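Enquirer: Sharing a structure, written as structure tokens. Questions coming.
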Amino acid sequence: MSRLQILIILAVVLLIVAYGSWLVTTFRTTTVSGPQEVRHDPDLFAEDVTSTMMDAKGNPRYRLTAKVINHYPDDKSVSLQAPRLEYYRQQLPPWTAESDSGRIYDKGQQVFLDGQVTMHRPAEGKQPATRLYTRDMLILPQDDYAETAAAVKIKSGESELKGTGMRVYMSEGRLELLAKGEGTYVFPR
């Protein structure tokens with residue numbers, strides 16, 4: 001082998017070693033980034049908000065008002081301060097649900113009212129107004145449905161019912177206690 005061939009082989013080996021050394025140094029100094037912590041920070045807010053959802057015929061289906069709303073992009077939720085949900089029924093008085101705070105998920109398909117919740121239905125015909133008190137209620141506005149697993153107290157005229165857990169079928173005006181139901185029913189005069 002000639003001296004020139006040995007120098008060329010040595011130069012190629014040195015280049016390979018230098019390149020390998022550079023690669024090792026580059027990968028050592030590059031930090032491996034793990035999963036990034038997702039922050040739950042609002043990207044927008046609004047005050048004194050009213051949103052009305054309409055049915056296919058253009059009639060109001062339900063109206064949601066809140067003192068403050070915050071939208072969170074990480075889970076696409078909306079937090080509510082002092083929410084009030086009015087659910088309209090055909091030719092019947094609306095149901096109204098209120099709480100101190102709430103959350104909306106799934107593009108408005110699920111509304112959670114947190115803490116103390118009050119629901120009210122005005123008197124209709126010979127039926128007196130109905131008011132109920134509970135906690136932590138899930139409302140599915142598109143399904144005309146609400147539920148809670150908490151204790152419930154229902155007052156309608158002079159009648160009163162108590163129980164644990166409840167389902168509300170708003171379009172039917174029907175309430176269903178799930179457990180430990182007891183009460184006093186006063187017949188209308």
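Letters for chains follow the order of the structure tokens (A, B, ...), residue numbers begin at 1 for each chain, and ligand numbers begin at 1 in the order shown.
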DSSP on the backbone, then: every residue of stretch 16-187 of chain A marked strand (DSSP E), written as a compact mmCIF listing (two decimals) with N, CA, C and O atoms, in the first residue's frame.
Expert:
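result_7.txt, written as the output of this step:
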# COMPACT_ATOMS: atom_id res chain seq x y z
N LEU A 44 -60.27 33.00 26.95
CA LEU A 44 -61.17 34.14 26.79
C LEU A 44 -62.18 34.15 27.93
O LEU A 44 -62.41 33.14 28.58
N PHE A 45 -62.72 35.33 28.17
CA PHE A 45 -63.76 35.47 29.18
C PHE A 45 -64.75 36.52 28.71
O PHE A 45 -64.44 37.33 27.83
N ALA A 46 -65.93 36.49 29.30
CA ALA A 46 -66.94 37.50 29.00
C ALA A 46 -67.78 37.71 30.25
O ALA A 46 -67.92 36.81 31.08
N GLU A 47 -68.34 38.89 30.39
CA GLU A 47 -69.18 39.23 31.53
C GLU A 47 -70.61 39.48 31.06
O GLU A 47 -70.85 39.91 29.93
N ASP A 48 -71.56 39.22 31.97
CA ASP A 48 -72.99 39.43 31.71
C ASP A 48 -73.41 38.82 30.37
O ASP A 48 -73.84 39.51 29.44
N VAL A 49 -73.28 37.51 30.29
CA VAL A 49 -73.52 36.77 29.06
C VAL A 49 -74.92 36.19 29.04
O VAL A 49 -75.41 35.68 30.04
N THR A 50 -75.58 36.27 27.89
CA THR A 50 -76.85 35.61 27.65
C THR A 50 -76.74 34.86 26.34
O THR A 50 -76.36 35.44 25.32
N SER A 51 -77.06 33.58 26.36
CA SER A 51 -77.01 32.75 25.17
C SER A 51 -78.34 32.03 25.05
O SER A 51 -78.78 31.36 25.98
N THR A 52 -78.99 32.16 23.91
CA THR A 52 -80.28 31.52 23.68
C THR A 52 -80.14 30.50 22.57
O THR A 52 -79.67 30.82 21.48
N MET A 53 -80.51 29.27 22.86
CA MET A 53 -80.50 28.21 21.86
C MET A 53 -81.91 28.07 21.30
O MET A 53 -82.88 28.06 22.06
N MET A 54 -82.00 27.95 19.99
CA MET A 54 -83.29 27.89 19.32
C MET A 54 -83.56 26.48 18.81
O MET A 54 -82.63 25.71 18.57
N PRO A 60 -87.31 29.82 20.95
CA PRO A 60 -86.30 29.60 21.98
C PRO A 60 -86.50 28.26 22.67
O PRO A 60 -87.62 27.91 23.03
N ARG A 61 -85.42 27.50 22.80
CA ARG A 61 -85.47 26.20 23.48
C ARG A 61 -85.00 26.35 24.92
O ARG A 61 -85.61 25.86 25.85
N TYR A 62 -83.84 27.00 25.09
CA TYR A 62 -83.37 27.34 26.44
C TYR A 62 -82.46 28.55 26.36
O TYR A 62 -81.90 28.87 25.33
N ARG A 63 -82.35 29.23 27.49
CA ARG A 63 -81.53 30.44 27.59
C ARG A 63 -80.61 30.27 28.79
O ARG A 63 -81.06 29.91 29.89
N LEU A 64 -79.34 30.53 28.59
CA LEU A 64 -78.35 30.46 29.65
C LEU A 64 -77.79 31.85 29.87
O LEU A 64 -77.35 32.49 28.92
N THR A 65 -77.83 32.31 31.11
CA THR A 65 -77.20 33.58 31.46
C THR A 65 -76.17 33.30 32.55
O THR A 65 -76.31 32.35 33.33
N ALA A 66 -75.14 34.14 32.60
CA ALA A 66 -74.10 34.01 33.62
C ALA A 66 -73.45 35.38 33.82
O ALA A 66 -73.36 36.17 32.87
N LYS A 67 -72.99 35.63 35.04
CA LYS A 67 -72.29 36.90 35.31
C LYS A 67 -70.94 36.92 34.61
O LYS A 67 -70.54 37.92 34.05
N VAL A 68 -70.22 35.79 34.67
CA VAL A 68 -68.91 35.69 34.03
C VAL A 68 -68.76 34.28 33.46
O VAL A 68 -69.16 33.31 34.09
N ILE A 69 -68.20 34.20 32.24
CA ILE A 69 -67.83 32.89 31.68
C ILE A 69 -66.34 32.93 31.34
O ILE A 69 -65.80 33.98 30.98
N ASN A 70 -65.68 31.78 31.48
CA ASN A 70 -64.29 31.60 31.08
C ASN A 70 -64.21 30.36 30.21
O ASN A 70 -64.73 29.31 30.59
N HIS A 71 -63.54 30.48 29.06
CA HIS A 71 -63.35 29.32 28.18
C HIS A 71 -61.94 28.78 28.39
O HIS A 71 -60.97 29.53 28.42
N TYR A 72 -61.83 27.44 28.51
CA TYR A 72 -60.54 26.77 28.72
C TYR A 72 -60.25 25.89 27.50
O TYR A 72 -60.98 24.93 27.24
N SER A 77 -63.77 23.37 27.94
CA SER A 77 -64.87 23.61 28.87
C SER A 77 -65.09 25.11 29.05
O SER A 77 -64.26 25.93 28.66
N VAL A 78 -66.23 25.43 29.64
CA VAL A 78 -66.57 26.81 29.97
C VAL A 78 -67.00 26.83 31.42
O VAL A 78 -67.87 26.04 31.82
N SER A 79 -66.38 27.69 32.22
CA SER A 79 -66.82 27.83 33.61
C SER A 79 -67.80 28.99 33.68
O SER A 79 -67.73 29.94 32.91
N LEU A 80 -68.75 28.88 34.61
CA LEU A 80 -69.82 29.86 34.73
C LEU A 80 -69.88 30.40 36.16
O LEU A 80 -69.79 29.62 37.11
N GLN A 81 -70.06 31.69 36.31
CA GLN A 81 -70.34 32.28 37.61
C GLN A 81 -71.79 32.73 37.61
O GLN A 81 -72.24 33.42 36.70
N ARG A 84 -77.75 30.76 35.24
CA ARG A 84 -79.20 30.61 35.30
C ARG A 84 -79.63 30.02 33.96
O ARG A 84 -79.34 30.59 32.90
N LEU A 85 -80.26 28.86 34.01
CA LEU A 85 -80.70 28.17 32.80
C LEU A 85 -82.22 28.15 32.80
O LEU A 85 -82.84 27.62 33.71
N GLU A 86 -82.82 28.77 31.77
CA GLU A 86 -84.27 28.74 31.60
C GLU A 86 -84.57 27.77 30.46
O GLU A 86 -84.10 27.96 29.35
N TYR A 87 -85.35 26.75 30.77
CA TYR A 87 -85.69 25.74 29.79
C TYR A 87 -87.15 25.93 29.39
O TYR A 87 -88.06 25.81 30.21
N TYR A 88 -87.38 26.26 28.13
CA TYR A 88 -88.74 26.54 27.65
C TYR A 88 -89.42 25.27 27.18
O TYR A 88 -88.82 24.42 26.54
N ARG A 89 -90.70 25.16 27.50
CA ARG A 89 -91.52 24.01 27.10
C ARG A 89 -92.70 24.53 26.30
O ARG A 89 -93.22 25.60 26.57
N LEU A 92 -96.17 25.67 28.00
CA LEU A 92 -96.11 25.48 29.46
C LEU A 92 -95.08 26.45 30.02
O LEU A 92 -94.15 26.85 29.33
N PRO A 93 -95.22 26.81 31.30
CA PRO A 93 -94.23 27.70 31.90
C PRO A 93 -92.83 27.06 31.90
O PRO A 93 -92.70 25.84 31.98
N PRO A 94 -91.78 27.87 31.81
CA PRO A 94 -90.42 27.33 31.74
C PRO A 94 -89.92 26.83 33.10
O PRO A 94 -90.37 27.28 34.14
N TRP A 95 -88.99 25.89 33.05
CA TRP A 95 -88.22 25.50 34.22
C TRP A 95 -87.03 26.44 34.29
O TRP A 95 -86.42 26.76 33.26
N THR A 96 -86.65 26.85 35.48
CA THR A 96 -85.47 27.68 35.68
C THR A 96 -84.58 27.01 36.71
O THR A 96 -85.06 26.60 37.77
N ALA A 97 -83.29 26.89 36.41
CA ALA A 97 -82.31 26.31 37.33
C ALA A 97 -81.20 27.33 37.57
O ALA A 97 -80.73 27.95 36.62
N GLU A 98 -80.80 27.49 38.84
CA GLU A 98 -79.77 28.46 39.20
C GLU A 98 -78.80 27.86 40.20
O GLU A 98 -79.18 27.01 41.01
N SER A 99 -77.55 28.33 40.16
CA SER A 99 -76.56 27.95 41.16
C SER A 99 -75.50 29.05 41.23
O SER A 99 -75.54 30.01 40.45
N ASP A 100 -74.56 28.90 42.15
CA ASP A 100 -73.49 29.90 42.27
C ASP A 100 -72.44 29.75 41.18
O ASP A 100 -71.84 30.72 40.75
N SER A 101 -72.22 28.50 40.73
CA SER A 101 -71.22 28.28 39.68
C SER A 101 -71.63 27.07 38.85
O SER A 101 -72.50 26.30 39.24
N GLY A 102 -70.96 26.92 37.73
CA GLY A 102 -71.26 25.78 36.86
C GLY A 102 -70.19 25.62 35.80
O GLY A 102 -69.24 26.41 35.71
N ARG A 103 -70.36 24.58 34.99
CA ARG A 103 -69.42 24.27 33.91
C ARG A 103 -70.20 23.72 32.73
O ARG A 103 -71.22 23.08 32.91
N ILE A 104 -69.68 23.97 31.55
CA ILE A 104 -70.28 23.45 30.32
C ILE A 104 -69.22 22.62 29.61
O ILE A 104 -68.08 23.04 29.46
N TYR A 105 -69.63 21.42 29.17
CA TYR A 105 -68.75 20.53 28.41
C TYR A 105 -69.45 20.08 27.14
O TYR A 105 -70.65 20.24 26.99
N GLN A 110 -73.60 19.19 27.85
CA GLN A 110 -73.65 18.88 29.27
C GLN A 110 -73.41 20.17 30.06
O GLN A 110 -72.39 20.82 29.88
N VAL A 111 -74.34 20.48 30.94
CA VAL A 111 -74.21 21.63 31.83
C VAL A 111 -74.22 21.11 33.26
O VAL A 111 -75.17 20.42 33.65
N PHE A 112 -73.17 21.41 34.01
CA PHE A 112 -73.10 21.03 35.43
C PHE A 112 -73.33 22.27 36.26
O PHE A 112 -72.64 23.27 36.08
N LEU A 113 -74.30 22.21 37.16
CA LEU A 113 -74.51 23.28 38.12
C LEU A 113 -73.90 22.80 39.44
O LEU A 113 -74.31 21.78 39.97
N ASP A 114 -72.90 23.52 39.91
CA ASP A 114 -72.15 23.12 41.10
C ASP A 114 -72.71 23.78 42.36
O ASP A 114 -73.21 24.90 42.32
N GLY A 115 -72.56 23.08 43.48
CA GLY A 115 -73.00 23.63 44.76
C GLY A 115 -74.51 23.62 44.88
O GLY A 115 -75.20 22.78 44.29
N GLN A 116 -75.02 24.58 45.65
CA GLN A 116 -76.47 24.68 45.86
C GLN A 116 -77.18 24.99 44.55
O GLN A 116 -76.81 25.92 43.85
N VAL A 117 -78.20 24.21 44.24
CA VAL A 117 -78.98 24.39 43.01
C VAL A 117 -80.45 24.56 43.39
O VAL A 117 -80.98 23.82 44.22
N THR A 118 -81.08 25.55 42.78
CA THR A 118 -82.51 25.76 42.95
C THR A 118 -83.16 25.67 41.58
O THR A 118 -82.68 26.29 40.63
N MET A 119 -84.22 24.87 41.48
CA MET A 119 -85.01 24.80 40.24
C MET A 119 -86.42 25.28 40.56
O MET A 119 -86.93 25.01 41.66
N HIS A 120 -87.03 25.95 39.59
CA HIS A 120 -88.36 26.51 39.80
C HIS A 120 -89.18 26.34 38.54
O HIS A 120 -88.68 26.50 37.43
N ARG A 121 -90.46 25.99 38.76
CA ARG A 121 -91.44 25.96 37.68
C ARG A 121 -92.64 26.75 38.17
O ARG A 121 -93.21 26.43 39.21
N THR A 130 -93.73 24.90 41.53
CA THR A 130 -92.86 23.88 42.12
C THR A 130 -91.46 24.47 42.27
O THR A 130 -90.94 25.08 41.34
N ARG A 131 -90.87 24.27 43.43
CA ARG A 131 -89.51 24.73 43.68
C ARG A 131 -88.76 23.56 44.29
O ARG A 131 -89.27 22.89 45.19
N LEU A 132 -87.56 23.30 43.79
CA LEU A 132 -86.76 22.21 44.38
C LEU A 132 -85.37 22.71 44.70
O LEU A 132 -84.85 23.62 44.07
N TYR A 133 -84.79 22.08 45.73
CA TYR A 133 -83.48 22.44 46.24
C TYR A 133 -82.61 21.19 46.28
O TYR A 133 -83.04 20.16 46.79
N THR A 134 -81.40 21.30 45.75
CA THR A 134 -80.48 20.17 45.73
C THR A 134 -79.06 20.70 45.56
O THR A 134 -78.81 21.90 45.71
N ARG A 135 -78.14 19.81 45.20
CA ARG A 135 -76.75 20.17 44.94
C ARG A 135 -76.27 19.44 43.68
O ARG A 135 -76.75 18.37 43.37
N ASP A 136 -75.30 20.03 43.04
CA ASP A 136 -74.52 19.37 41.98
C ASP A 136 -75.40 18.64 40.96
O ASP A 136 -75.54 17.43 40.99
N MET A 137 -75.94 19.38 40.05
CA MET A 137 -76.89 18.83 39.08
C MET A 137 -76.29 18.82 37.68
O MET A 137 -75.65 19.78 37.26
N LEU A 138 -76.52 17.73 36.97
CA LEU A 138 -76.17 17.61 35.55
C LEU A 138 -77.43 17.88 34.74
O LEU A 138 -78.48 17.29 35.00
N ILE A 139 -77.31 18.77 33.76
CA ILE A 139 -78.43 19.07 32.87
C ILE A 139 -78.00 18.77 31.44
O ILE A 139 -76.93 19.18 31.01
N LEU A 140 -78.84 18.03 30.74
CA LEU A 140 -78.62 17.74 29.32
C LEU A 140 -79.70 18.49 28.54
O LEU A 140 -80.79 17.96 28.31
N TYR A 145 -83.48 16.91 30.05
CA TYR A 145 -83.24 16.01 31.17
C TYR A 145 -82.26 16.64 32.17
O TYR A 145 -81.32 17.33 31.77
N ALA A 146 -82.47 16.35 33.45
CA ALA A 146 -81.54 16.77 34.50
C ALA A 146 -81.50 15.69 35.57
O ALA A 146 -82.48 14.94 35.74
N GLU A 147 -80.37 15.60 36.29
CA GLU A 147 -80.27 14.61 37.35
C GLU A 147 -79.28 15.05 38.42
O GLU A 147 -78.41 15.89 38.17
N THR A 148 -79.45 14.49 39.61
CA THR A 148 -78.53 14.69 40.71
C THR A 148 -78.52 13.43 41.56
O THR A 148 -79.52 12.70 41.59
N ALA A 149 -77.42 13.20 42.25
CA ALA A 149 -77.33 12.09 43.20
C ALA A 149 -77.46 12.59 44.63
O ALA A 149 -77.49 11.80 45.57
N ALA A 150 -77.60 13.88 44.80
CA ALA A 150 -77.64 14.50 46.13
C ALA A 150 -79.05 14.48 46.73
O ALA A 150 -80.02 14.10 46.07
N ALA A 151 -79.13 14.91 47.98
CA ALA A 151 -80.43 15.04 48.64
C ALA A 151 -81.25 16.11 47.93
O ALA A 151 -80.71 17.09 47.42
N VAL A 152 -82.56 15.90 47.90
CA VAL A 152 -83.48 16.80 47.19
C VAL A 152 -84.66 17.14 48.09
O VAL A 152 -85.17 16.28 48.80
N LYS A 153 -85.07 18.39 48.03
CA LYS A 153 -86.28 18.83 48.72
C LYS A 153 -87.15 19.52 47.68
O LYS A 153 -86.69 20.43 46.98
N ILE A 154 -88.40 19.07 47.55
CA ILE A 154 -89.31 19.60 46.54
C ILE A 154 -90.53 20.17 47.24
O ILE A 154 -91.16 19.50 48.05
N LYS A 155 -90.87 21.41 46.90
CA LYS A 155 -92.07 22.05 47.45
C LYS A 155 -92.98 22.42 46.28
O LYS A 155 -92.55 23.03 45.31
N SER A 156 -94.24 22.03 46.41
CA SER A 156 -95.24 22.38 45.42
C SER A 156 -96.51 22.73 46.17
O SER A 156 -97.18 21.85 46.72
N SER A 159 -97.57 20.98 49.53
CA SER A 159 -96.97 19.64 49.53
C SER A 159 -95.45 19.74 49.55
O SER A 159 -94.87 20.69 49.02
N GLU A 160 -94.83 18.71 50.17
CA GLU A 160 -93.37 18.69 50.24
C GLU A 160 -92.86 17.27 50.14
O GLU A 160 -93.40 16.36 50.78
N LEU A 161 -91.85 17.06 49.34
CA LEU A 161 -91.21 15.76 49.18
C LEU A 161 -89.72 15.89 49.45
O LEU A 161 -89.12 16.93 49.17
N LYS A 162 -89.13 14.82 49.99
CA LYS A 162 -87.69 14.76 50.20
C LYS A 162 -87.20 13.41 49.71
O LYS A 162 -87.93 12.43 49.76
N GLY A 163 -85.97 13.36 49.27
CA GLY A 163 -85.40 12.11 48.81
C GLY A 163 -83.93 12.28 48.50
O GLY A 163 -83.36 13.35 48.67
N THR A 164 -83.34 11.21 48.02
CA THR A 164 -81.94 11.23 47.62
C THR A 164 -81.87 10.81 46.16
O THR A 164 -82.36 9.76 45.78
N GLY A 165 -81.25 11.66 45.36
CA GLY A 165 -81.16 11.40 43.94
C GLY A 165 -82.45 11.74 43.23
O GLY A 165 -83.54 11.55 43.78
N MET A 166 -82.34 12.29 42.03
CA MET A 166 -83.54 12.71 41.32
C MET A 166 -83.25 12.77 39.83
O MET A 166 -82.14 13.07 39.40
N ARG A 167 -84.27 12.49 39.06
CA ARG A 167 -84.25 12.69 37.61
C ARG A 167 -85.39 13.65 37.28
O ARG A 167 -86.48 13.53 37.83
N VAL A 168 -85.12 14.58 36.38
CA VAL A 168 -86.13 15.54 35.96
C VAL A 168 -86.29 15.42 34.44
O VAL A 168 -85.32 15.55 33.70
N TYR A 169 -87.50 15.12 34.02
CA TYR A 169 -87.85 15.06 32.59
C TYR A 169 -88.61 16.34 32.30
O TYR A 169 -89.83 16.41 32.49
N ARG A 174 -92.05 16.01 34.69
CA ARG A 174 -92.05 14.88 35.62
C ARG A 174 -90.75 14.83 36.41
O ARG A 174 -89.67 14.96 35.86
N LEU A 175 -90.89 14.64 37.75
CA LEU A 175 -89.76 14.48 38.65
C LEU A 175 -89.78 13.06 39.19
O LEU A 175 -90.84 12.53 39.52
N GLU A 176 -88.61 12.47 39.33
CA GLU A 176 -88.51 11.09 39.83
C GLU A 176 -87.46 11.05 40.94
O GLU A 176 -86.27 11.29 40.69
N LEU A 177 -87.89 10.77 42.18
CA LEU A 177 -86.95 10.58 43.27
C LEU A 177 -86.40 9.16 43.20
O LEU A 177 -87.14 8.22 42.94
N LEU A 178 -85.09 9.00 43.47
CA LEU A 178 -84.46 7.69 43.29
C LEU A 178 -84.38 6.86 44.56
O LEU A 178 -84.34 5.64 44.49
N ALA A 179 -84.31 7.49 45.73
CA ALA A 179 -84.18 6.72 46.97
C ALA A 179 -84.66 7.55 48.16
O ALA A 179 -84.67 8.78 48.11
N LYS A 180 -85.04 6.86 49.21
CA LYS A 180 -85.42 7.46 50.49
C LYS A 180 -86.47 8.55 50.35
O LYS A 180 -86.42 9.58 51.00
N GLY A 181 -87.44 8.31 49.48
CA GLY A 181 -88.48 9.30 49.26
C GLY A 181 -89.49 9.32 50.40
O GLY A 181 -89.93 8.28 50.89
N GLU A 182 -89.82 10.49 50.84
CA GLU A 182 -90.86 10.67 51.86
C GLU A 182 -91.44 12.07 51.67
O GLU A 182 -90.79 12.95 51.13
N GLY A 183 -92.66 12.23 52.11
CA GLY A 183 -93.24 13.54 51.95
C GLY A 183 -94.66 13.64 52.43
O GLY A 183 -95.25 12.69 52.92
N THR A 184 -95.20 14.81 52.24
CA THR A 184 -96.57 15.13 52.61
C THR A 184 -97.24 15.73 51.38
O THR A 184 -96.73 16.68 50.78
Enquirer: Looking at A:Pro122, A:Glu158, A:Val186, A:Asp55, which one is nearest to A:Gln142, with distances taken over only C-alpha atoms?
Expert: A:Asp55
Enquirer: Using Å and a single decimal, report how far atom CA of A:Lys126 sits from atom CA of A:Asp144.
Expert: 23.2 Å
